[in-house]
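Engineer: To be precise about what I am sending: the file is called coords24.cif and holds mmCIF, C-alpha atoms (C1' of nucleotides).
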data_start
#
loop_
_atom_site.group_PDB
_atom_site.id
_atom_site.type_symbol
_atom_site.label_atom_id
_atom_site.label_comp_id
_atom_site.auth_asym_id
_atom_site.auth_seq_id
_atom_site.Cartn_x
_atom_site.Cartn_y
_atom_site.Cartn_z
ATOM 1 C CA MET A 591 190.909 124.838 296.838
ATOM 2 C CA VAL A 592 189.224 126.546 299.749
ATOM 3 C CA LEU A 593 191.516 126.122 302.736
ATOM 4 C CA THR A 594 189.227 126.008 305.712
ATOM 5 C CA ASN A 595 190.427 125.550 309.237
ATOM 6 C CA GLN A 596 188.935 122.058 309.290
ATOM 7 C CA ARG A 597 190.706 121.021 306.122
ATOM 8 C CA HIS A 598 193.935 122.459 307.392
ATOM 9 C CA GLU A 599 193.759 120.516 310.675
ATOM 10 C CA ILE A 600 192.839 117.245 308.975
ATOM 11 C CA LEU A 601 195.723 117.505 306.562
ATOM 12 C CA GLY A 602 198.044 118.587 309.360
ATOM 13 C CA TYR A 603 197.099 115.609 311.470
ATOM 14 C CA LEU A 604 197.657 113.196 308.578
ATOM 15 C CA LYS A 605 201.032 114.760 307.928
ATOM 16 C CA ARG A 606 202.071 114.031 311.507
ATOM 17 C CA ALA A 607 200.414 110.616 311.896
ATOM 18 C CA ARG A 608 202.814 107.727 311.596
ATOM 19 C CA ARG A 609 200.069 105.134 311.344
ATOM 20 C CA HIS A 610 197.258 105.019 308.820
ATOM 21 C CA PRO A 611 194.210 106.314 310.657
ATOM 22 C CA THR A 612 190.600 105.554 309.824
ATOM 23 C CA ALA A 613 188.115 108.358 309.216
ATOM 24 C CA ASP A 614 186.888 107.901 312.763
ATOM 25 C CA GLN A 615 190.387 108.231 314.201
ATOM 26 C CA VAL A 616 190.953 111.398 312.201
ATOM 27 C CA TYR A 617 187.652 112.711 313.529
ATOM 28 C CA ARG A 618 188.561 112.002 317.161
ATOM 29 C CA GLU A 619 191.992 113.587 316.868
ATOM 30 C CA VAL A 620 190.957 116.693 314.985
ATOM 31 C CA LYS A 621 188.037 117.142 317.377
ATOM 32 C CA LYS A 622 190.580 117.865 320.102
ATOM 33 C CA LYS A 623 191.580 121.030 318.278
ATOM 34 C CA LEU A 624 188.228 121.824 316.693
ATOM 35 C CA PRO A 625 185.571 120.522 319.083
ATOM 36 C CA ARG A 626 182.665 121.574 316.859
ATOM 37 C CA ILE A 627 183.809 119.648 313.767
ATOM 38 C CA SER A 628 181.361 117.071 312.456
ATOM 39 C CA LYS A 629 182.040 113.608 311.185
ATOM 40 C CA ALA A 630 180.494 114.473 307.828
ATOM 41 C CA THR A 631 183.039 117.252 307.407
ATOM 42 C CA VAL A 632 185.844 114.814 308.089
ATOM 43 C CA TYR A 633 184.491 112.358 305.535
ATOM 44 C CA ASN A 634 183.891 115.067 302.963
ATOM 45 C CA ASN A 635 187.349 116.492 303.408
ATOM 46 C CA LEU A 636 189.078 113.143 303.277
ATOM 47 C CA ARG A 637 187.339 112.395 300.000
ATOM 48 C CA HIS A 638 188.272 115.816 298.737
ATOM 49 C CA LEU A 639 191.922 115.452 299.712
ATOM 50 C CA VAL A 640 192.105 112.040 298.082
ATOM 51 C CA GLU A 641 190.681 113.465 294.865
ATOM 52 C CA LYS A 642 193.232 116.257 294.944
ATOM 53 C CA ASP A 643 195.949 113.619 295.375
ATOM 54 C CA LEU A 644 197.169 115.103 298.642
ATOM 55 C CA VAL A 645 196.122 112.058 300.610
ATOM 56 C CA GLU A 646 196.200 108.376 299.816
ATOM 57 C CA GLU A 647 193.404 105.986 300.699
ATOM 58 C CA VAL A 648 194.145 102.398 301.656
ATOM 59 C CA ASN A 649 191.262 100.031 302.059
ATOM 60 C CA VAL A 650 191.759 97.254 304.583
ATOM 61 C CA ASN A 651 188.984 94.790 305.353
ATOM 62 C CA GLY A 652 186.378 97.123 304.039
ATOM 63 C CA VAL A 653 187.491 100.085 306.130
ATOM 64 C CA ALA A 654 189.163 103.102 304.559
ATOM 65 C CA ARG A 655 192.416 104.324 306.030
ATOM 66 C CA PHE A 656 194.284 107.446 305.085
ATOM 67 C CA GLU A 657 197.830 108.704 304.856
ATOM 68 C CA TYR A 658 199.547 111.841 303.695
ATOM 69 C CA ARG A 659 200.884 111.121 300.212
ATOM 70 C CA ARG A 660 204.602 110.356 300.102
ATOM 71 C CA ASN A 661 206.971 108.310 297.935
ATOM 72 C CA ASP A 662 205.896 105.275 296.039
ATOM 73 C CA HIS A 663 205.594 102.497 298.568
ATOM 74 C CA HIS A 664 203.729 99.362 299.557
ATOM 75 C CA HIS A 665 201.862 98.218 302.627
ATOM 76 C CA MET A 666 202.042 95.459 305.190
ATOM 77 C CA VAL A 667 198.889 94.791 307.152
ATOM 78 C CA CYS A 668 198.912 92.801 310.367
ATOM 79 C CA THR A 669 196.021 90.372 310.199
ATOM 80 C CA ASN A 670 195.992 90.209 313.987
ATOM 81 C CA CYS A 671 196.011 93.818 315.195
ATOM 82 C CA GLY A 672 195.218 95.663 311.954
ATOM 83 C CA ARG A 673 198.365 97.745 312.074
ATOM 84 C CA ILE A 674 199.750 98.967 308.755
ATOM 85 C CA ASP A 675 203.397 99.565 307.979
ATOM 86 C CA ASP A 676 204.878 101.114 304.883
ATOM 87 C CA ILE A 677 207.623 99.348 302.999
ATOM 88 C CA GLU A 678 209.680 100.578 300.123
ATOM 89 C CA ASN A 679 211.067 98.296 297.473
ATOM 90 C CA GLU A 680 212.367 99.857 294.333
ATOM 91 C CA GLU A 681 212.528 96.660 292.370
ATOM 92 C CA LEU A 682 208.868 95.961 293.074
ATOM 93 C CA SER A 683 207.844 99.532 292.249
ATOM 94 C CA ARG A 684 209.752 99.373 289.006
ATOM 95 C CA LEU A 685 208.235 96.035 288.014
ATOM 96 C CA MET A 686 204.726 97.231 288.856
ATOM 97 C CA ASN A 687 205.145 100.313 286.706
ATOM 98 C CA TYR A 688 206.508 98.241 283.872
ATOM 99 C CA ILE A 689 203.675 95.710 284.017
ATOM 100 C CA GLY A 690 201.140 98.524 284.248
ATOM 101 C CA SER A 691 202.453 100.032 281.053
ATOM 102 C CA GLU A 692 202.322 96.729 279.222
ATOM 103 C CA ILE A 693 198.822 95.518 279.993
ATOM 104 C CA GLU A 694 196.801 95.137 276.809
ATOM 105 C CA GLY A 695 193.582 97.093 276.651
ATOM 106 C CA TYR A 696 193.666 98.616 280.082
ATOM 107 C CA GLU A 697 195.013 102.082 280.686
ATOM 108 C CA ILE A 698 196.563 101.751 284.130
ATOM 109 C CA GLU A 699 196.492 104.778 286.411
ATOM 110 C CA ARG A 700 197.941 103.344 289.586
ATOM 111 C CA SER A 701 198.579 100.120 291.428
ATOM 112 C CA ALA A 702 198.737 98.856 294.974
ATOM 113 C CA THR A 703 200.571 96.040 296.636
ATOM 114 C CA THR A 704 199.751 94.789 300.087
ATOM 115 C CA PHE A 705 201.336 92.078 302.179
ATOM 116 C CA TYR A 706 199.319 90.428 304.926
ATOM 117 C CA GLY A 707 200.794 88.698 307.931
ATOM 118 C CA ILE A 708 201.619 88.883 311.607
ATOM 119 C CA CYS A 709 203.642 91.839 312.800
ATOM 120 C CA ARG A 710 206.552 91.496 315.185
ATOM 121 C CA ASP A 711 204.616 92.679 318.230
ATOM 122 C CA CYS A 712 201.787 90.203 317.725
ATOM 123 C CA LYS A 713 204.251 87.410 317.036
ATOM 124 C CA ASN A 714 206.068 88.101 320.305
ATOM 125 C CA GLU A 715 202.826 88.303 322.264
ATOM 126 C CA ARG A 716 201.744 84.957 320.930
ATOM 127 C CA GLY A 717 205.076 83.374 321.633
ATOM 128 C CA SER A 718 205.029 84.461 325.265
ATOM 129 C CA GLN A 719 201.558 83.125 326.023
ATOM 130 C CA MET B 1189 182.422 70.551 306.368
ATOM 131 C CA VAL B 1190 178.666 70.129 306.176
ATOM 132 C CA LEU B 1191 177.725 70.296 302.524
ATOM 133 C CA THR B 1192 174.298 71.844 302.410
ATOM 134 C CA ASN B 1193 172.427 72.562 299.239
ATOM 135 C CA GLN B 1194 172.939 76.285 299.746
ATOM 136 C CA ARG B 1195 176.669 75.938 300.165
ATOM 137 C CA HIS B 1196 176.836 73.705 297.122
ATOM 138 C CA GLU B 1197 174.996 76.182 294.908
ATOM 139 C CA ILE B 1198 177.059 79.147 296.080
ATOM 140 C CA LEU B 1199 180.305 77.377 295.392
ATOM 141 C CA GLY B 1200 178.966 76.093 292.076
ATOM 142 C CA TYR B 1201 178.003 79.580 291.003
ATOM 143 C CA LEU B 1202 181.406 80.992 291.919
ATOM 144 C CA LYS B 1203 183.083 78.194 289.997
ATOM 145 C CA ARG B 1204 181.163 79.175 286.870
ATOM 146 C CA ALA B 1205 181.305 82.967 287.290
ATOM 147 C CA ARG B 1206 183.915 84.614 285.116
ATOM 148 C CA ARG B 1207 183.632 87.950 286.905
ATOM 149 C CA HIS B 1208 184.121 88.616 290.607
ATOM 150 C CA PRO B 1209 180.630 88.918 292.052
ATOM 151 C CA THR B 1210 179.684 90.780 295.205
ATOM 152 C CA ALA B 1211 177.777 89.005 297.974
ATOM 153 C CA ASP B 1212 174.603 90.592 296.675
ATOM 154 C CA GLN B 1213 175.203 89.296 293.161
ATOM 155 C CA VAL B 1214 175.838 85.820 294.522
ATOM 156 C CA TYR B 1215 172.587 86.111 296.466
ATOM 157 C CA ARG B 1216 170.576 87.154 293.428
ATOM 158 C CA GLU B 1217 171.993 84.393 291.243
ATOM 159 C CA VAL B 1218 171.713 81.560 293.747
ATOM 160 C CA LYS B 1219 168.191 82.730 294.593
ATOM 161 C CA LYS B 1220 167.167 81.689 291.089
ATOM 162 C CA LYS B 1221 167.868 78.072 291.995
ATOM 163 C CA LEU B 1222 167.022 78.262 295.697
ATOM 164 C CA PRO B 1223 164.312 80.916 296.034
ATOM 165 C CA ARG B 1224 164.079 80.591 299.814
ATOM 166 C CA ILE B 1225 167.773 81.273 300.505
ATOM 167 C CA SER B 1226 168.473 84.251 302.728
ATOM 168 C CA LYS B 1227 171.130 86.891 302.381
ATOM 169 C CA ALA B 1228 172.540 85.984 305.790
ATOM 170 C CA THR B 1229 173.127 82.455 304.581
ATOM 171 C CA VAL B 1230 174.992 83.752 301.563
ATOM 172 C CA TYR B 1231 177.175 85.970 303.741
ATOM 173 C CA ASN B 1232 177.770 83.219 306.274
ATOM 174 C CA ASN B 1233 178.719 80.735 303.599
ATOM 175 C CA LEU B 1234 180.983 83.119 301.749
ATOM 176 C CA ARG B 1235 182.859 83.794 304.963
ATOM 177 C CA HIS B 1236 183.008 80.084 305.638
ATOM 178 C CA LEU B 1237 184.318 79.267 302.159
ATOM 179 C CA VAL B 1238 186.948 81.990 302.412
ATOM 180 C CA GLU B 1239 188.119 80.579 305.751
ATOM 181 C CA LYS B 1240 188.327 77.139 304.213
ATOM 182 C CA ASP B 1241 190.421 78.621 301.385
ATOM 183 C CA LEU B 1242 188.014 77.456 298.718
ATOM 184 C CA VAL B 1243 187.123 81.004 297.777
ATOM 185 C CA GLU B 1244 189.163 84.171 297.549
ATOM 186 C CA GLU B 1245 187.926 87.542 298.740
ATOM 187 C CA VAL B 1246 188.944 90.721 296.950
ATOM 188 C CA ASN B 1247 188.046 94.020 298.491
ATOM 189 C CA VAL B 1248 187.415 96.847 296.053
ATOM 190 C CA ASN B 1249 186.313 100.267 297.261
ATOM 191 C CA GLY B 1250 185.100 98.841 300.517
ATOM 192 C CA VAL B 1251 182.961 96.155 298.911
ATOM 193 C CA ALA B 1252 183.876 92.486 299.112
ATOM 194 C CA ARG B 1253 183.988 90.462 295.928
ATOM 195 C CA PHE B 1254 184.506 86.750 295.628
ATOM 196 C CA GLU B 1255 186.054 84.266 293.266
ATOM 197 C CA TYR B 1256 186.667 80.562 293.212
ATOM 198 C CA ARG B 1257 190.273 80.021 294.180
ATOM 199 C CA ARG B 1258 192.630 79.342 291.294
ATOM 200 C CA ASN B 1259 196.298 79.940 290.418
ATOM 201 C CA ASP B 1260 198.325 82.736 291.864
ATOM 202 C CA HIS B 1261 197.260 85.857 290.022
ATOM 203 C CA HIS B 1262 196.696 89.590 290.282
ATOM 204 C CA HIS B 1263 193.786 91.910 289.618
ATOM 205 C CA MET B 1264 192.947 94.828 287.424
ATOM 206 C CA VAL B 1265 190.045 96.977 288.506
ATOM 207 C CA CYS B 1266 188.333 99.385 286.144
ATOM 208 C CA THR B 1267 187.855 102.640 288.018
ATOM 209 C CA ASN B 1268 185.000 103.518 285.706
ATOM 210 C CA CYS B 1269 182.736 100.455 285.610
ATOM 211 C CA GLY B 1270 184.125 98.446 288.528
ATOM 212 C CA ARG B 1271 184.883 95.420 286.429
ATOM 213 C CA ILE B 1272 187.700 93.168 287.617
ATOM 214 C CA ASP B 1273 190.002 91.134 285.403
ATOM 215 C CA ASP B 1274 192.569 88.583 286.445
ATOM 216 C CA ILE B 1275 196.103 88.815 285.182
ATOM 217 C CA GLU B 1276 198.928 86.381 285.596
ATOM 218 C CA ASN B 1277 202.524 87.453 285.734
ATOM 219 C CA GLU B 1278 205.036 84.947 286.961
ATOM 220 C CA GLU B 1279 207.809 87.442 287.471
ATOM 221 C CA LEU B 1280 205.606 89.559 289.701
ATOM 222 C CA SER B 1281 204.375 86.542 291.665
ATOM 223 C CA ARG B 1282 207.920 85.366 292.174
ATOM 224 C CA LEU B 1283 209.135 88.772 293.321
ATOM 225 C CA MET B 1284 206.206 89.154 295.712
ATOM 226 C CA ASN B 1285 206.921 85.802 297.283
ATOM 227 C CA TYR B 1286 210.571 86.651 297.594
ATOM 228 C CA ILE B 1287 209.921 90.027 299.199
ATOM 229 C CA GLY B 1288 207.379 88.475 301.540
ATOM 230 C CA SER B 1289 209.949 86.003 302.769
ATOM 231 C CA GLU B 1290 212.526 88.725 303.371
ATOM 232 C CA ILE B 1291 210.539 91.269 305.359
ATOM 233 C CA GLU B 1292 212.075 91.788 308.780
ATOM 234 C CA GLY B 1293 209.788 91.165 311.721
ATOM 235 C CA TYR B 1294 206.623 90.373 309.828
ATOM 236 C CA GLU B 1295 205.584 86.841 309.088
ATOM 237 C CA ILE B 1296 203.882 87.200 305.722
ATOM 238 C CA GLU B 1297 200.974 84.910 304.942
ATOM 239 C CA ARG B 1298 199.817 86.279 301.611
ATOM 240 C CA SER B 1299 199.960 89.301 299.396
ATOM 241 C CA ALA B 1300 197.792 91.049 296.861
ATOM 242 C CA THR B 1301 198.525 93.242 293.895
ATOM 243 C CA THR B 1302 195.906 95.324 292.178
ATOM 244 C CA PHE B 1303 196.146 97.596 289.167
ATOM 245 C CA TYR B 1304 193.588 100.353 288.725
ATOM 246 C CA GLY B 1305 192.708 101.951 285.425
ATOM 247 C CA ILE B 1306 190.240 102.175 282.581
ATOM 248 C CA CYS B 1307 189.298 98.950 280.830
ATOM 249 C CA ARG B 1308 189.118 98.628 277.069
ATOM 250 C CA ASP B 1309 185.326 98.867 276.907
ATOM 251 C CA CYS B 1310 185.161 102.057 278.949
ATOM 252 C CA LYS B 1311 188.010 103.557 276.955
ATOM 253 C CA ASN B 1312 186.188 102.888 273.684
ATOM 254 C CA GLU B 1313 182.935 104.305 275.005
ATOM 255 C CA ARG B 1314 184.650 107.484 276.052
ATOM 256 C CA GLY B 1315 186.468 107.794 272.751
ATOM 257 C CA SER B 1316 183.242 107.539 270.763
ATOM 258 C CA GLN B 1317 181.357 110.191 272.690
ATOM 259 C "C1'" DG C 990 170.158 62.492 318.045
ATOM 260 C "C1'" DT C 991 172.993 66.431 317.841
ATOM 261 C "C1'" DA C 992 175.660 69.894 316.153
ATOM 262 C "C1'" DC C 993 175.731 72.843 312.539
ATOM 263 C "C1'" DG C 994 173.170 75.521 309.097
ATOM 264 C "C1'" DT C 995 169.134 78.243 307.711
ATOM 265 C "C1'" DG C 996 165.794 82.089 307.318
ATOM 266 C "C1'" DC C 997 164.087 86.096 309.126
ATOM 267 C "C1'" DA C 998 164.280 90.410 311.199
ATOM 268 C "C1'" DA C 999 166.656 93.471 313.795
ATOM 269 C "C1'" DA C 1000 171.231 95.543 314.858
ATOM 270 C "C1'" DT C 1001 175.603 97.479 313.621
ATOM 271 C "C1'" DG C 1002 179.039 100.295 311.515
ATOM 272 C "C1'" DA C 1003 180.955 102.895 307.880
ATOM 273 C "C1'" DT C 1004 179.900 106.313 304.821
ATOM 274 C "C1'" DT C 1005 176.800 109.631 302.283
ATOM 275 C "C1'" DT C 1006 173.316 113.074 301.711
ATOM 276 C "C1'" DG C 1007 169.874 116.977 302.300
ATOM 277 C "C1'" DC C 1008 169.475 121.258 304.043
ATOM 278 C "C1'" DG C 1009 169.657 125.562 306.391
ATOM 279 C "C1'" DT C 1010 173.659 128.243 308.116
ATOM 280 C "C1'" DT C 1011 178.489 130.091 307.982
ATOM 281 C "C1'" DA C 1012 182.828 131.655 306.391
ATOM 282 C "C1'" DA C 1013 186.782 131.861 302.816
ATOM 283 C "C1'" DG C 1014 188.476 134.424 298.993
ATOM 284 C "C1'" DC D 1114 179.204 139.201 297.579
ATOM 285 C "C1'" DT D 1115 179.051 134.521 296.180
ATOM 286 C "C1'" DT D 1116 180.330 129.984 296.211
ATOM 287 C "C1'" DA D 1117 182.206 126.328 298.593
ATOM 288 C "C1'" DA D 1118 182.261 124.274 303.074
ATOM 289 C "C1'" DC D 1119 180.100 123.298 307.651
ATOM 290 C "C1'" DG D 1120 177.269 120.948 311.208
ATOM 291 C "C1'" DC D 1121 173.551 118.239 312.164
ATOM 292 C "C1'" DA D 1122 170.382 114.634 311.588
ATOM 293 C "C1'" DA D 1123 168.531 111.381 308.762
ATOM 294 C "C1'" DA D 1124 169.373 108.035 305.120
ATOM 295 C "C1'" DT D 1125 171.856 104.396 302.822
ATOM 296 C "C1'" DC D 1126 174.460 100.283 302.101
ATOM 297 C "C1'" DA D 1127 177.173 96.342 303.236
ATOM 298 C "C1'" DT D 1128 177.582 93.125 306.590
ATOM 299 C "C1'" DT D 1129 176.666 90.766 311.133
ATOM 300 C "C1'" DT D 1130 173.981 88.814 314.775
ATOM 301 C "C1'" DG D 1131 170.252 86.589 317.780
ATOM 302 C "C1'" DC D 1132 167.094 83.236 317.753
ATOM 303 C "C1'" DA D 1133 163.654 79.635 316.754
ATOM 304 C "C1'" DC D 1134 163.403 76.032 313.454
ATOM 305 C "C1'" DG D 1135 165.247 72.519 310.138
ATOM 306 C "C1'" DT D 1136 168.442 69.150 308.225
ATOM 307 C "C1'" DA D 1137 172.995 66.756 307.077
ATOM 308 C "C1'" DC D 1138 175.459 63.078 308.752
#
Reformat the file's structure so that it appears as structure tokens.

Structural biologist:
Amino acid sequence: MVLTNQRHEILGYLKRARRHPTADQVYREVKKKLPRISKATVYNNLRHLVEKDLVEEVNVNGVARFEYRRNDHHHMVCTNCGRIDDIENEELSRLMNYIGSEIEGYEIERSATTFYGICRDCKNERGSQ
Amino acid sequence: MVLTNQRHEILGYLKRARRHPTADQVYREVKKKLPRISKATVYNNLRHLVEKDLVEEVNVNGVARFEYRRNDHHHMVCTNCGRIDDIENEELSRLMNYIGSEIEGYEIERSATTFYGICRDCKNERGSQ
DNA sequence: GTACGTGCAAATGATTTGCGTTAAG
DNA sequence: CTTAACGCAAATCATTTGCACGTAC
């Protein structure tokens, strides 16, 4: 893989990011370091990094979000503010892998579990209104 | 809810459809019965039906797909042809509900599990090439 | 009669692509 | 050197919106 400056900065930013940024957010952030970078380059690189399994893509409401690949985990999406949190649950991961291996006909490559709800911050805000 | 002809046909089509059609597929099919229907009407109604919980929306690769709401179930998406199949697994449903109820802070409303892989048809096609 | 729904066309927003130029290995 | 990657602008695709007209109840 050709390690360009652009690719390096994009991956670096994702490594640091706690949240799950959209392509546009990655673009804005990386632009601070590399002001001449184009949006197309960000999109191309994100796709590339996902293909190389260095980055994970999570699709929420039709918008792609990205995160540096780490342990097997699941997602919680706040339906109010759009925030995503990671959760780990070994029992769930184990069951998913087991089911994946048992499905007739299909050859499962991966799986994703997402919980939707209201995050603590949004719940508090609502309560205090 | 105002039950217009358009809404009736859209819901009727989804009830019959075995697959999980996109908005465009719904449009094309319903157009056969109601040639003057517009795409906007299809989109508006699909959104409406989802809000009313009569229809379920599944987002795959950034494209919305729809299905008439039935039992709690999960999805398998073929990464080759895009086909979606439903699977039921009580143990998984039970565990998901349990985890959802236990997550600190979040107030979970729903959850979704999707398996990605190669379906039987695509596997056979590849094998015979 | 009135609010809600429809059809059309235009707008939006995310993502992709074509192409001439640049830089990594 | 040579191929992959870049930057830019234009294109594409799914979805939404504004508005004048029509229809369910």

Engineer: Find the residues in chain A near chain B: any atom within 7 Å counts, using only C-alpha atoms. Write them as number ranges by chain.

Structural biologist: A: 649, 651-653, 695-710

Engineer: Mind fitting chain A onto chain B over all Cα atoms in sequence order and sending the result as a tab-separated table (two decimals) with C-alpha atoms, in the frame of the given file?

Structural biologist:
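Full text of result_21.tsv as output:
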chain	number	residue	atom	x	y	z
A	591	MET	CA	182.52	70.64	306.43
A	592	VAL	CA	178.77	70.26	306.24
A	593	LEU	CA	177.84	70.37	302.57
A	594	THR	CA	174.41	71.89	302.48
A	595	ASN	CA	172.51	72.54	299.30
A	596	GLN	CA	172.99	76.28	299.78
A	597	ARG	CA	176.73	75.96	300.18
A	598	HIS	CA	176.92	73.70	297.18
A	599	GLU	CA	175.04	76.16	294.95
A	600	ILE	CA	177.08	79.15	296.10
A	601	LEU	CA	180.34	77.39	295.42
A	602	GLY	CA	179.02	76.08	292.12
A	603	TYR	CA	178.02	79.55	291.00
A	604	LEU	CA	181.43	80.98	291.91
A	605	LYS	CA	183.11	78.19	290.01
A	606	ARG	CA	181.19	79.15	286.88
A	607	ALA	CA	181.30	82.94	287.29
A	608	ARG	CA	183.87	84.63	285.11
A	609	ARG	CA	183.59	87.95	286.89
A	610	HIS	CA	184.09	88.61	290.58
A	611	PRO	CA	180.60	88.91	292.03
A	612	THR	CA	179.63	90.77	295.17
A	613	ALA	CA	177.74	89.02	297.96
A	614	ASP	CA	174.56	90.57	296.64
A	615	GLN	CA	175.17	89.26	293.13
A	616	VAL	CA	175.81	85.78	294.50
A	617	TYR	CA	172.57	86.06	296.46
A	618	ARG	CA	170.54	87.07	293.40
A	619	GLU	CA	171.97	84.30	291.23
A	620	VAL	CA	171.70	81.50	293.75
A	621	LYS	CA	168.17	82.63	294.60
A	622	LYS	CA	167.15	81.55	291.11
A	623	LYS	CA	167.89	77.96	292.04
A	624	LEU	CA	167.05	78.17	295.73
A	625	PRO	CA	164.31	80.79	296.06
A	626	ARG	CA	164.10	80.48	299.85
A	627	ILE	CA	167.78	81.22	300.52
A	628	SER	CA	168.46	84.21	302.74
A	629	LYS	CA	171.09	86.87	302.37
A	630	ALA	CA	172.52	86.01	305.78
A	631	THR	CA	173.14	82.46	304.59
A	632	VAL	CA	175.00	83.78	301.57
A	633	TYR	CA	177.16	86.02	303.73
A	634	ASN	CA	177.80	83.29	306.27
A	635	ASN	CA	178.74	80.80	303.60
A	636	LEU	CA	181.00	83.18	301.75
A	637	ARG	CA	182.88	83.88	304.96
A	638	HIS	CA	183.05	80.18	305.64
A	639	LEU	CA	184.36	79.35	302.18
A	640	VAL	CA	186.98	82.07	302.42
A	641	GLU	CA	188.16	80.69	305.75
A	642	LYS	CA	188.39	77.22	304.25
A	643	ASP	CA	190.47	78.70	301.42
A	644	LEU	CA	188.06	77.52	298.75
A	645	VAL	CA	187.14	81.06	297.78
A	646	GLU	CA	189.17	84.22	297.54
A	647	GLU	CA	187.92	87.60	298.71
A	648	VAL	CA	188.92	90.77	296.90
A	649	ASN	CA	187.98	94.07	298.43
A	650	VAL	CA	187.35	96.89	295.99
A	651	ASN	CA	186.23	100.30	297.20
A	652	GLY	CA	184.99	98.89	300.43
A	653	VAL	CA	182.87	96.19	298.83
A	654	ALA	CA	183.82	92.53	299.07
A	655	ARG	CA	183.94	90.50	295.89
A	656	PHE	CA	184.48	86.79	295.60
A	657	GLU	CA	186.04	84.29	293.25
A	658	TYR	CA	186.66	80.58	293.22
A	659	ARG	CA	190.29	80.07	294.20
A	660	ARG	CA	192.61	79.38	291.28
A	661	ASN	CA	196.28	79.95	290.42
A	662	ASP	CA	198.30	82.74	291.86
A	663	HIS	CA	197.25	85.86	290.03
A	664	HIS	CA	196.68	89.59	290.28
A	665	HIS	CA	193.78	91.91	289.62
A	666	MET	CA	192.95	94.84	287.40
A	667	VAL	CA	190.04	96.99	288.50
A	668	CYS	CA	188.34	99.41	286.14
A	669	THR	CA	187.86	102.65	288.02
A	670	ASN	CA	185.01	103.54	285.68
A	671	CYS	CA	182.75	100.48	285.58
A	672	GLY	CA	184.12	98.47	288.52
A	673	ARG	CA	184.90	95.44	286.41
A	674	ILE	CA	187.71	93.18	287.61
A	675	ASP	CA	189.99	91.14	285.40
A	676	ASP	CA	192.56	88.60	286.45
A	677	ILE	CA	196.10	88.83	285.18
A	678	GLU	CA	198.92	86.40	285.59
A	679	ASN	CA	202.52	87.46	285.74
A	680	GLU	CA	205.02	84.95	286.96
A	681	GLU	CA	207.81	87.43	287.46
A	682	LEU	CA	205.61	89.55	289.71
A	683	SER	CA	204.37	86.52	291.65
A	684	ARG	CA	207.91	85.34	292.15
A	685	LEU	CA	209.12	88.75	293.32
A	686	MET	CA	206.19	89.12	295.71
A	687	ASN	CA	206.90	85.75	297.27
A	688	TYR	CA	210.56	86.58	297.59
A	689	ILE	CA	209.91	89.96	299.22
A	690	GLY	CA	207.35	88.38	301.53
A	691	SER	CA	209.92	85.91	302.76
A	692	GLU	CA	212.49	88.62	303.39
A	693	ILE	CA	210.51	91.16	305.38
A	694	GLU	CA	212.03	91.64	308.82
A	695	GLY	CA	209.73	91.02	311.74
A	696	TYR	CA	206.58	90.26	309.85
A	697	GLU	CA	205.53	86.73	309.07
A	698	ILE	CA	203.83	87.11	305.70
A	699	GLU	CA	200.92	84.82	304.91
A	700	ARG	CA	199.79	86.20	301.58
A	701	SER	CA	199.92	89.25	299.37
A	702	ALA	CA	197.76	91.02	296.84
A	703	THR	CA	198.50	93.22	293.90
A	704	THR	CA	195.90	95.32	292.18
A	705	PHE	CA	196.15	97.60	289.18
A	706	TYR	CA	193.60	100.37	288.74
A	707	GLY	CA	192.72	101.98	285.45
A	708	ILE	CA	190.28	102.21	282.59
A	709	CYS	CA	189.32	99.00	280.84
A	710	ARG	CA	189.15	98.70	277.08
A	711	ASP	CA	185.36	98.92	276.90
A	712	CYS	CA	185.19	102.12	278.94
A	713	LYS	CA	188.05	103.62	276.96
A	714	ASN	CA	186.25	102.94	273.68
A	715	GLU	CA	182.97	104.33	275.00
A	716	ARG	CA	184.68	107.52	276.04
A	717	GLY	CA	186.48	107.86	272.77
A	718	SER	CA	183.27	107.59	270.77
A	719	GLN	CA	181.37	110.23	272.72

Engineer: Selection in question (the file shown): the PyMOL selection byres ((chain C) within 10 of (chain A)). Which residues does it include, as a PDB file with C-alpha atoms (C1' of nucleotides), in the frame of the given file?

Structural biologist:
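The result, stored in result-v2.pdb:
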ATOM      1  C1'  DA C1003     180.955 102.895 307.880  1.00  0.00           C
ATOM      2  C1'  DT C1004     179.900 106.313 304.821  1.00  0.00           C
ATOM      3  C1'  DT C1005     176.800 109.631 302.283  1.00  0.00           C
ATOM      4  C1'  DT C1006     173.316 113.074 301.711  1.00  0.00           C
ATOM      5  C1'  DA C1012     182.828 131.655 306.391  1.00  0.00           C
ATOM      6  C1'  DA C1013     186.782 131.861 302.816  1.00  0.00           C
ATOM      7  C1'  DG C1014     188.476 134.424 298.993  1.00  0.00           C
TER       8       DG C1014
END

Engineer: Just give me the gap between C1' of DT1130 (chain D) and C1' of DA999 (chain C) in Å, one decimal is fine.

Structural biologist: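 Separation of C1' of DT1130 (chain D) and C1' of DA999 (chain C): 8.7 Å.
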
Engineer: Written as a list in words, what is the full residue list that the PyMOL selection byres ((chain D and resi 1132) around 12) yields on the file shown?

Structural biologist: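 Applied to this file, the PyMOL selection byres ((chain D and resi 1132) around 12) returns DT995, DG996, DC997, DA998 and DA999 of chain C; DT1130, DG1131, DA1133 and DC1134 of chain D.
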
Engineer: Taking the file above as input, evaluate the PyMOL selection byres ((chain D and resi 1121) around 10) and report the hits as number ranges by chain.

Structural biologist: A: 628-630; C: 1008; D: 1119-1120, 1122-1123

Engineer: Within 9 Å of Leu1234 (chain B), counting all atoms listed in the file, which residues qualify if same-chain residues fewer than 4 places away don't, as JSON, numbers by chain?

Structural biologist: {"B": [1195, 1198, 1199, 1211, 1229, 1230, 1238, 1239, 1243, 1245, 1254]}
